[in-house]
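Undergrad: The following block contains the structure, expressed as structure tokens.
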Amino acid sequence: MTEERQRGRKRNRADRSKRKFTSDKVAVEKNESSPSVSAAASDGVSKSSFSFIEKMKARLSGGHFRMINEKLYTCSGEEALKYFNENPSLFNVYHSGYQEQMSHWPQQPVDIVIKWITARSSSLVIADFGCGDARLARSVKNEVFSIDLVSNDPSSVIACDMSDTPLDPTSVDVAVFCLSLMGTNFPSYLKEANRVLKPRGWLLIAEVKSRFDPNTGGADPDEFVNAVCELGFNSVSKDLSNKMFLLFFFRKRNKQAAGSNIEWPRLKPCLYKRR
Ligand SMILES: C[S@@+](CC[C@H](N)C(=O)[O-])C[C@H]1O[C@@H](n2cnc3c(N)ncnc32)[C@H](O)[C@@H]1O
């Protein structure tokens with residue numbers, strides 16, 4: 001064997017052992033660093049599967065929300081009460097979906113109502129019909145009767161169908177309906193407000209604008225205002241300027257029996273599209 005060939009063989013052995021060492025080292029490194037490497041690897045996997053699961057969850061709860069929302073807009077208050085009584089957890093599903101929807105609105109009507117109340121005497125007694133998470137009561141100093149189909153906190157929210165509340169007659173100064181005229185029997189909610197309001201008491205209604213678009217099957221706002229007036233109110237003002245909702249301000253007349261056979265326009269259900 002020539003010297004040159006011997007040197008070549010040595011080089012090859014050294015290379016092989018270098019390679020072996022390197023691959024062993026990689027193997028060891030892999031093992032040594034298994035927590036971080038596998039964390040990083042599984043991180044990669046879990047990140048994508050996590051976001052997939054989150055997406056699926058969001059889709060499911062979005063679908064669930066739309067289903068409950070549609071139910072509330074297409075049944076009577078009595079049916080809605082039965083629906084939630086049979087499965088109270090649906091109320092929270094509805095409200096997380098509702099909050100998600102509202103987060104896309106530039107302004108929330110409940111904030112305008114809160115501002116309106118805050119600018120007046122804190123001695124006014126308020127009834128918040130369809131209070132949701134009772135934000136109104138938490139935001140003002142006034143005494144507020146918060147009413148909804150489900151109460152997560154019975155010490156602050158009265159659970160009932162708002163067409164039949166336990167409030168005393170003529171006991172309330174301001175009745176608020178903020179996006180809550182959902183049931184097909186919504187006129188009975190306004191009759192209940194009329195019953196509990198003091199003479200000259202205020203009726204504040206905020207509703208989704210699309211429900212009042214006659215071009216797309218919604219109600220004519222003037223017909224709605226006329227019907228409320230026939231119930232025993234005077235229209236004080238309305239604000240149709242917001243893109244998302246309308247605001248109506250009424251005052252209960254002193255003494256005047258509610259008209260019978262009032263022709264109420266149909267308020268188009270507010271159904272949300274899949275995003
Ligand atoms: C769209 S959310 C609005 C919640 C709150 N007013 C706000 O502005 O954030 C309407 C609320 O009205 C309630 N609601 C609908 N029909 C009702 C009824 N017949 N009796 C009591 N609450 C009702 C729903 O359960 C829901 O919480």
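Identifiers for the structure tokens are assigned positionally: chains receive A, B, ... in sequence, residues are indexed from 1 per chain, and ligands are indexed from 1 in the order shown.
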Would you mind listing what lies within 12 Å of His64 in chain A as an NGL selection string, with only C-alpha atoms counted and same-chain residues fewer than 2 positions away left out?
TA: :A and (56-62 or 66-71 or 89-98 or 272 or 274)
Undergrad: Need to verify the contact set: Gly132 in chain A, 7 Å, only C-alpha atoms, exclusion of same-chain residues closer than 2 positions in sequence. Can you return it as a list in words?
TA: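 Result of the neighbour search: Gly130, Ala134 and Asp148 of chain A.
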Undergrad: Smallest atom-to-atom distance to ligand 1: which of A:Arg200, A:Arg135, A:Arg120, A:Lys252, using only C-alpha atoms and all ligand atoms?
TA: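 That would be A:Arg135, the residue with the smallest distance to ligand 1.
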Undergrad: Taking only residues of chain A that have an atom at most 6 Å from an atom of ligand 1, what is each one's shortest atom pair and its distance in Å to one decimal, using only C-alpha atoms and all ligand atoms, in chain and number order, as CSV?
TA:
residue,atom,partner,partner_atom_place_in_ligand_line,distance
A:Gly77,CA,ligand 1,19 (N),3.5
A:Val110,CA,ligand 1,8 (O),4.9
A:Gly130,CA,ligand 1,12 (O),3.4
A:Cys131,CA,ligand 1,6 (N),4.2
A:Gly132,CA,ligand 1,27 (O),3.6
A:Ile147,CA,ligand 1,21 (C),6.0
A:Asp148,CA,ligand 1,22 (N),3.6
A:Leu149,CA,ligand 1,21 (C),4.3
A:Cys160,CA,ligand 1,21 (C),5.8
A:Asp161,CA,ligand 1,20 (N),3.6
A:Met162,CA,ligand 1,20 (N),3.8
A:Cys178,CA,ligand 1,6 (N),4.3
A:Leu179,CA,ligand 1,1 (C),4.8
A:Ser180,CA,ligand 1,10 (C),4.0
A:Met182,CA,ligand 1,15 (C),5.2
A:Gly183,CA,ligand 1,16 (N),5.5
Undergrad: Please produce an output containing N, CA and C atoms for each residue in the selection, written as an mmCIF file, in the first residue's frame.
TA:
data_model
loop_
_atom_site.group_PDB
_atom_site.id
_atom_site.type_symbol
_atom_site.label_atom_id
_atom_site.label_comp_id
_atom_site.auth_asym_id
_atom_site.auth_seq_id
_atom_site.Cartn_x
_atom_site.Cartn_y
_atom_site.Cartn_z
ATOM 1 N N GLY A 77 -92.837 35.529 22.954
ATOM 2 C CA GLY A 77 -92.054 35.612 24.189
ATOM 3 C C GLY A 77 -92.279 34.383 25.064
ATOM 4 N N VAL A 110 -77.194 50.860 23.463
ATOM 5 C CA VAL A 110 -77.335 50.905 24.928
ATOM 6 C C VAL A 110 -76.500 52.057 25.501
ATOM 7 N N GLY A 130 -85.651 43.305 28.473
ATOM 8 C CA GLY A 130 -84.722 42.576 27.606
ATOM 9 C C GLY A 130 -83.325 43.121 27.832
ATOM 10 N N CYS A 131 -82.899 43.038 29.103
ATOM 11 C CA CYS A 131 -81.668 43.738 29.533
ATOM 12 C C CYS A 131 -80.384 43.064 29.070
ATOM 13 N N GLY A 132 -80.446 41.791 28.639
ATOM 14 C CA GLY A 132 -79.214 41.094 28.253
ATOM 15 C C GLY A 132 -78.277 40.957 29.439
ATOM 16 N N ILE A 147 -84.864 43.162 33.257
ATOM 17 C CA ILE A 147 -85.773 42.036 32.966
ATOM 18 C C ILE A 147 -85.253 41.276 31.760
ATOM 19 N N ASP A 148 -85.191 39.969 31.894
ATOM 20 C CA ASP A 148 -84.847 39.153 30.721
ATOM 21 C C ASP A 148 -85.404 37.744 30.905
ATOM 22 N N LEU A 149 -85.297 36.949 29.846
ATOM 23 C CA LEU A 149 -85.860 35.597 29.877
ATOM 24 C C LEU A 149 -85.104 34.690 30.841
ATOM 25 N N CYS A 160 -88.266 36.603 33.428
ATOM 26 C CA CYS A 160 -89.677 36.416 33.044
ATOM 27 C C CYS A 160 -89.847 36.806 31.575
ATOM 28 N N ASP A 161 -91.007 36.490 31.051
ATOM 29 C CA ASP A 161 -91.376 36.988 29.723
ATOM 30 C C ASP A 161 -91.831 38.420 29.936
ATOM 31 N N MET A 162 -91.268 39.336 29.193
ATOM 32 C CA MET A 162 -91.551 40.750 29.487
ATOM 33 C C MET A 162 -92.954 41.207 29.102
ATOM 34 N N CYS A 178 -84.075 48.027 24.366
ATOM 35 C CA CYS A 178 -82.886 48.229 23.538
ATOM 36 C C CYS A 178 -82.645 46.956 22.736
ATOM 37 N N LEU A 179 -83.036 46.984 21.479
ATOM 38 C CA LEU A 179 -82.907 45.840 20.546
ATOM 39 C C LEU A 179 -83.639 44.607 21.073
ATOM 40 N N SER A 180 -84.689 44.820 21.845
ATOM 41 C CA SER A 180 -85.300 43.657 22.509
ATOM 42 C C SER A 180 -86.728 43.348 22.060
ATOM 43 N N MET A 182 -88.043 41.483 20.137
ATOM 44 C CA MET A 182 -87.708 40.356 19.264
ATOM 45 C C MET A 182 -88.911 39.465 18.954
ATOM 46 N N GLY A 183 -89.730 39.208 19.931
ATOM 47 C CA GLY A 183 -90.815 38.233 19.767
ATOM 48 C C GLY A 183 -91.868 38.686 18.767
#
Undergrad: Of the candidates A:Ser260, A:Ser237, A:Gln107, A:Ser171, which shows the shortest atom-to-atom distance to Lys191 in chain A, using only C-alpha atoms?
TA: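 Smallest distance to Lys191 in chain A is found for A:Ser260.
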Undergrad: Give me the residues near range 203-217 of chain A as a ChimeraX atom specification, where near means some atom within 9 Å (using only C-alpha atoms) and where sequence neighbours in that chain fewer than 4 positions away do not count.
TA: /A:109-110,113,173-181,190,193-194,197,221,224,233,240,242-252,266-270
Undergrad: Could the residues in this selection be written to a file with N, CA and C atoms, as a CSV table (one decimal), in the first residue's frame?
TA:
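Once written, selection_21.csv looks like this:
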chain,number,residue,atom,x,y,z
A,109,PRO,N,-76.3,51.0,20.8
A,109,PRO,CA,-77.5,51.8,21.2
A,109,PRO,C,-77.6,51.9,22.7
A,110,VAL,N,-77.2,50.9,23.5
A,110,VAL,CA,-77.3,50.9,24.9
A,110,VAL,C,-76.5,52.1,25.5
A,113,VAL,N,-78.6,55.1,25.3
A,113,VAL,CA,-79.6,55.1,26.3
A,113,VAL,C,-79.0,55.5,27.7
A,173,ASP,N,-90.5,55.2,35.8
A,173,ASP,CA,-90.4,56.5,35.0
A,173,ASP,C,-89.9,56.3,33.6
A,174,VAL,N,-89.1,55.4,33.4
A,174,VAL,CA,-88.5,55.2,32.0
A,174,VAL,C,-88.5,53.7,31.7
A,175,ALA,N,-89.2,53.3,30.6
A,175,ALA,CA,-89.1,51.9,30.1
A,175,ALA,C,-88.2,51.9,28.9
A,176,VAL,N,-87.3,51.0,28.9
A,176,VAL,CA,-86.3,50.9,27.8
A,176,VAL,C,-86.4,49.6,27.1
A,177,PHE,N,-86.5,49.6,25.8
A,177,PHE,CA,-86.4,48.4,25.0
A,177,PHE,C,-85.2,48.6,24.0
A,178,CYS,N,-84.1,48.0,24.4
A,178,CYS,CA,-82.9,48.2,23.5
A,178,CYS,C,-82.6,47.0,22.7
A,179,LEU,N,-83.0,47.0,21.5
A,179,LEU,CA,-82.9,45.8,20.5
A,179,LEU,C,-83.6,44.6,21.1
A,180,SER,N,-84.7,44.8,21.8
A,180,SER,CA,-85.3,43.7,22.5
A,180,SER,C,-86.7,43.3,22.1
A,181,LEU,N,-87.2,44.1,21.1
A,181,LEU,CA,-88.6,43.8,20.6
A,181,LEU,C,-88.5,42.6,19.6
A,190,LEU,N,-95.0,46.1,24.7
A,190,LEU,CA,-95.2,47.6,24.8
A,190,LEU,C,-96.4,47.9,25.7
A,193,ALA,N,-95.2,47.7,29.1
A,193,ALA,CA,-94.5,48.9,29.5
A,193,ALA,C,-95.5,50.0,29.8
A,194,ASN,N,-96.6,50.1,29.0
A,194,ASN,CA,-97.6,51.1,29.3
A,194,ASN,C,-98.2,50.9,30.6
A,197,LEU,N,-95.6,52.0,33.4
A,197,LEU,CA,-95.1,53.4,33.4
A,197,LEU,C,-96.1,54.3,34.1
A,221,PRO,N,-91.4,53.1,9.6
A,221,PRO,CA,-91.2,53.7,11.0
A,221,PRO,C,-92.4,54.5,11.4
A,224,PHE,N,-95.2,52.4,12.7
A,224,PHE,CA,-94.8,51.9,14.0
A,224,PHE,C,-95.1,53.0,15.1
A,233,PHE,N,-99.3,56.8,23.9
A,233,PHE,CA,-98.1,57.6,24.0
A,233,PHE,C,-98.1,58.8,23.0
A,240,LEU,N,-83.2,58.7,13.2
A,240,LEU,CA,-83.0,57.7,12.2
A,240,LEU,C,-81.6,57.8,11.6
A,242,ASN,N,-78.5,56.9,12.7
A,242,ASN,CA,-77.5,55.9,12.8
A,242,ASN,C,-77.7,54.8,11.7
A,243,LYS,N,-76.5,54.3,11.3
A,243,LYS,CA,-76.5,53.3,10.2
A,243,LYS,C,-77.1,51.9,10.6
A,244,MET,N,-77.0,51.6,11.9
A,244,MET,CA,-77.3,50.3,12.4
A,244,MET,C,-78.6,50.2,13.1
A,245,PHE,N,-79.0,51.3,13.8
A,245,PHE,CA,-80.3,51.2,14.6
A,245,PHE,C,-81.0,52.6,14.6
A,246,LEU,N,-82.3,52.4,14.9
A,246,LEU,CA,-83.2,53.6,15.0
A,246,LEU,C,-83.5,53.8,16.5
A,247,LEU,N,-83.8,55.1,16.8
A,247,LEU,CA,-84.1,55.4,18.2
A,247,LEU,C,-85.5,56.1,18.2
A,248,PHE,N,-86.4,55.7,19.1
A,248,PHE,CA,-87.7,56.3,19.2
A,248,PHE,C,-87.8,56.8,20.7
A,249,PHE,N,-88.3,58.0,20.9
A,249,PHE,CA,-88.6,58.5,22.2
A,249,PHE,C,-90.1,58.9,22.4
A,250,PHE,N,-90.7,58.2,23.3
A,250,PHE,CA,-92.2,58.5,23.5
A,250,PHE,C,-92.4,58.9,24.9
A,251,ARG,N,-93.5,59.5,25.2
A,251,ARG,CA,-93.9,59.8,26.5
A,251,ARG,C,-95.4,59.4,26.7
A,252,LYS,N,-95.6,58.7,27.8
A,252,LYS,CA,-97.0,58.2,28.1
A,252,LYS,C,-97.9,59.4,28.3
A,266,ARG,N,-95.5,44.7,11.0
A,266,ARG,CA,-94.6,43.5,11.3
A,266,ARG,C,-93.2,44.0,11.4
A,267,LEU,N,-92.5,43.7,12.4
A,267,LEU,CA,-91.0,44.1,12.4
A,267,LEU,C,-90.3,42.9,11.9
A,268,LYS,N,-89.6,43.2,10.8
A,268,LYS,CA,-88.8,42.1,10.1
A,268,LYS,C,-87.8,41.5,11.1
A,269,PRO,N,-87.7,40.1,11.2
A,269,PRO,CA,-86.7,39.5,12.0
A,269,PRO,C,-85.3,40.0,11.6
A,270,CYS,N,-84.4,40.1,12.5
A,270,CYS,CA,-83.0,40.5,12.2
A,270,CYS,C,-82.2,39.3,12.2
Undergrad: CA of Asn85 in chain A to CA of Val150 in chain A: how many Å, to one decimal?
TA: 7.7 Å
Undergrad: Please return, as a PyMOL selection string, all residues of range 50-163 of chain A that DSSP assigns to alpha helix (DSSP H) on the basis of the backbone.
TA: chain A and resi 50-74+77-86+89-102+109-118+135-139
Undergrad: Go ahead and write the residues just picked, C-alpha atoms, as a JSON list (two decimals), in the first residue's frame.
TA:
[["chain", "number", "residue", "atom", "x", "y", "z"],
["A", 50, "PHE", "CA", -55.30, 24.79, 17.93],
["A", 51, "SER", "CA", -56.28, 27.46, 15.45],
["A", 52, "PHE", "CA", -58.26, 24.87, 13.46],
["A", 53, "ILE", "CA", -60.12, 23.79, 16.60],
["A", 54, "GLU", "CA", -60.67, 27.41, 17.55],
["A", 55, "LYS", "CA", -61.97, 28.15, 14.05],
["A", 56, "MET", "CA", -64.32, 25.17, 14.19],
["A", 57, "LYS", "CA", -65.48, 26.19, 17.66],
["A", 58, "ALA", "CA", -66.10, 29.74, 16.46],
["A", 59, "ARG", "CA", -68.02, 28.40, 13.45],
["A", 60, "LEU", "CA", -70.12, 26.11, 15.60],
["A", 61, "SER", "CA", -70.90, 28.77, 18.16],
["A", 62, "GLY", "CA", -71.57, 31.27, 15.36],
["A", 63, "GLY", "CA", -74.02, 28.80, 13.83],
["A", 64, "HIS", "CA", -75.52, 28.13, 17.21],
["A", 65, "PHE", "CA", -75.92, 31.85, 17.85],
["A", 66, "ARG", "CA", -77.64, 32.40, 14.48],
["A", 67, "MET", "CA", -80.02, 29.52, 15.21],
["A", 68, "ILE", "CA", -81.01, 30.87, 18.64],
["A", 69, "ASN", "CA", -81.27, 34.40, 17.26],
["A", 70, "GLU", "CA", -83.62, 33.23, 14.51],
["A", 71, "LYS", "CA", -85.70, 31.35, 17.06],
["A", 72, "LEU", "CA", -86.07, 34.50, 19.22],
["A", 73, "TYR", "CA", -87.18, 36.61, 16.26],
["A", 74, "THR", "CA", -89.71, 34.09, 14.99],
["A", 77, "GLY", "CA", -92.05, 35.61, 24.19],
["A", 78, "GLU", "CA", -93.85, 32.73, 25.89],
["A", 79, "GLU", "CA", -92.22, 30.21, 23.54],
["A", 80, "ALA", "CA", -88.83, 31.91, 23.96],
["A", 81, "LEU", "CA", -89.15, 31.62, 27.75],
["A", 82, "LYS", "CA", -89.97, 27.91, 27.44],
["A", 83, "TYR", "CA", -87.06, 27.44, 25.01],
["A", 84, "PHE", "CA", -84.52, 28.94, 27.44],
["A", 85, "ASN", "CA", -86.09, 27.30, 30.49],
["A", 86, "GLU", "CA", -85.54, 23.93, 28.85],
["A", 89, "SER", "CA", -77.09, 27.47, 28.78],
["A", 90, "LEU", "CA", -78.35, 28.55, 25.33],
["A", 91, "PHE", "CA", -78.82, 32.00, 26.78],
["A", 92, "ASN", "CA", -75.05, 32.35, 27.30],
["A", 93, "VAL", "CA", -74.37, 30.95, 23.82],
["A", 94, "TYR", "CA", -76.77, 33.57, 22.43],
["A", 95, "HIS", "CA", -75.15, 36.37, 24.40],
["A", 96, "SER", "CA", -71.57, 35.57, 23.45],
["A", 97, "GLY", "CA", -72.65, 35.52, 19.78],
["A", 98, "TYR", "CA", -74.57, 38.74, 20.29],
["A", 99, "GLN", "CA", -71.56, 40.46, 21.86],
["A", 100, "GLU", "CA", -69.44, 39.31, 18.92],
["A", 101, "GLN", "CA", -71.93, 40.81, 16.47],
["A", 102, "MET", "CA", -72.13, 44.04, 18.45],
["A", 109, "PRO", "CA", -77.48, 51.81, 21.23],
["A", 110, "VAL", "CA", -77.33, 50.91, 24.93],
["A", 111, "ASP", "CA", -74.58, 53.54, 25.32],
["A", 112, "ILE", "CA", -76.89, 56.22, 23.92],
["A", 113, "VAL", "CA", -79.61, 55.11, 26.33],
["A", 114, "ILE", "CA", -77.12, 55.20, 29.22],
["A", 115, "LYS", "CA", -76.06, 58.71, 28.20],
["A", 116, "TRP", "CA", -79.70, 59.83, 28.00],
["A", 117, "ILE", "CA", -80.44, 58.47, 31.49],
["A", 118, "THR", "CA", -77.23, 59.85, 33.00],
["A", 135, "ARG", "CA", -75.05, 46.71, 31.33],
["A", 136, "LEU", "CA", -77.53, 49.56, 31.66],
["A", 137, "ALA", "CA", -78.15, 48.82, 35.37],
["A", 138, "ARG", "CA", -74.40, 48.63, 35.98],
["A", 139, "SER", "CA", -73.80, 51.95, 34.28]]
Undergrad: Write out as a VMD selection string all residues of range 63-251 of chain A that DSSP puts in strand (DSSP E) for this structure's backbone.
TA: chain A and resid 126 to 129 144 to 148 157 to 159 172 to 178 197 to 208 233 to 239 245 to 251
Undergrad: How far is it from CA of Pro187 in chain A to CA of Trp264 in chain A, in Å with one decimal?
TA: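 We find that CA of Pro187 in chain A and CA of Trp264 in chain A lie 7.3 Å from each other.
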Undergrad: Suppose you want the space between CA of Asn234 in chain A and CA of Asp222 in chain A; what is it in Å?
TA: 12.8 Å
Undergrad: Compare A:Tyr189, A:Thr184, A:Asn152, A:Leu167 by their minimum atom-to-atom distance to Ile126 in chain A, counting only C-alpha atoms, and give me the closest one.
TA: A:Leu167
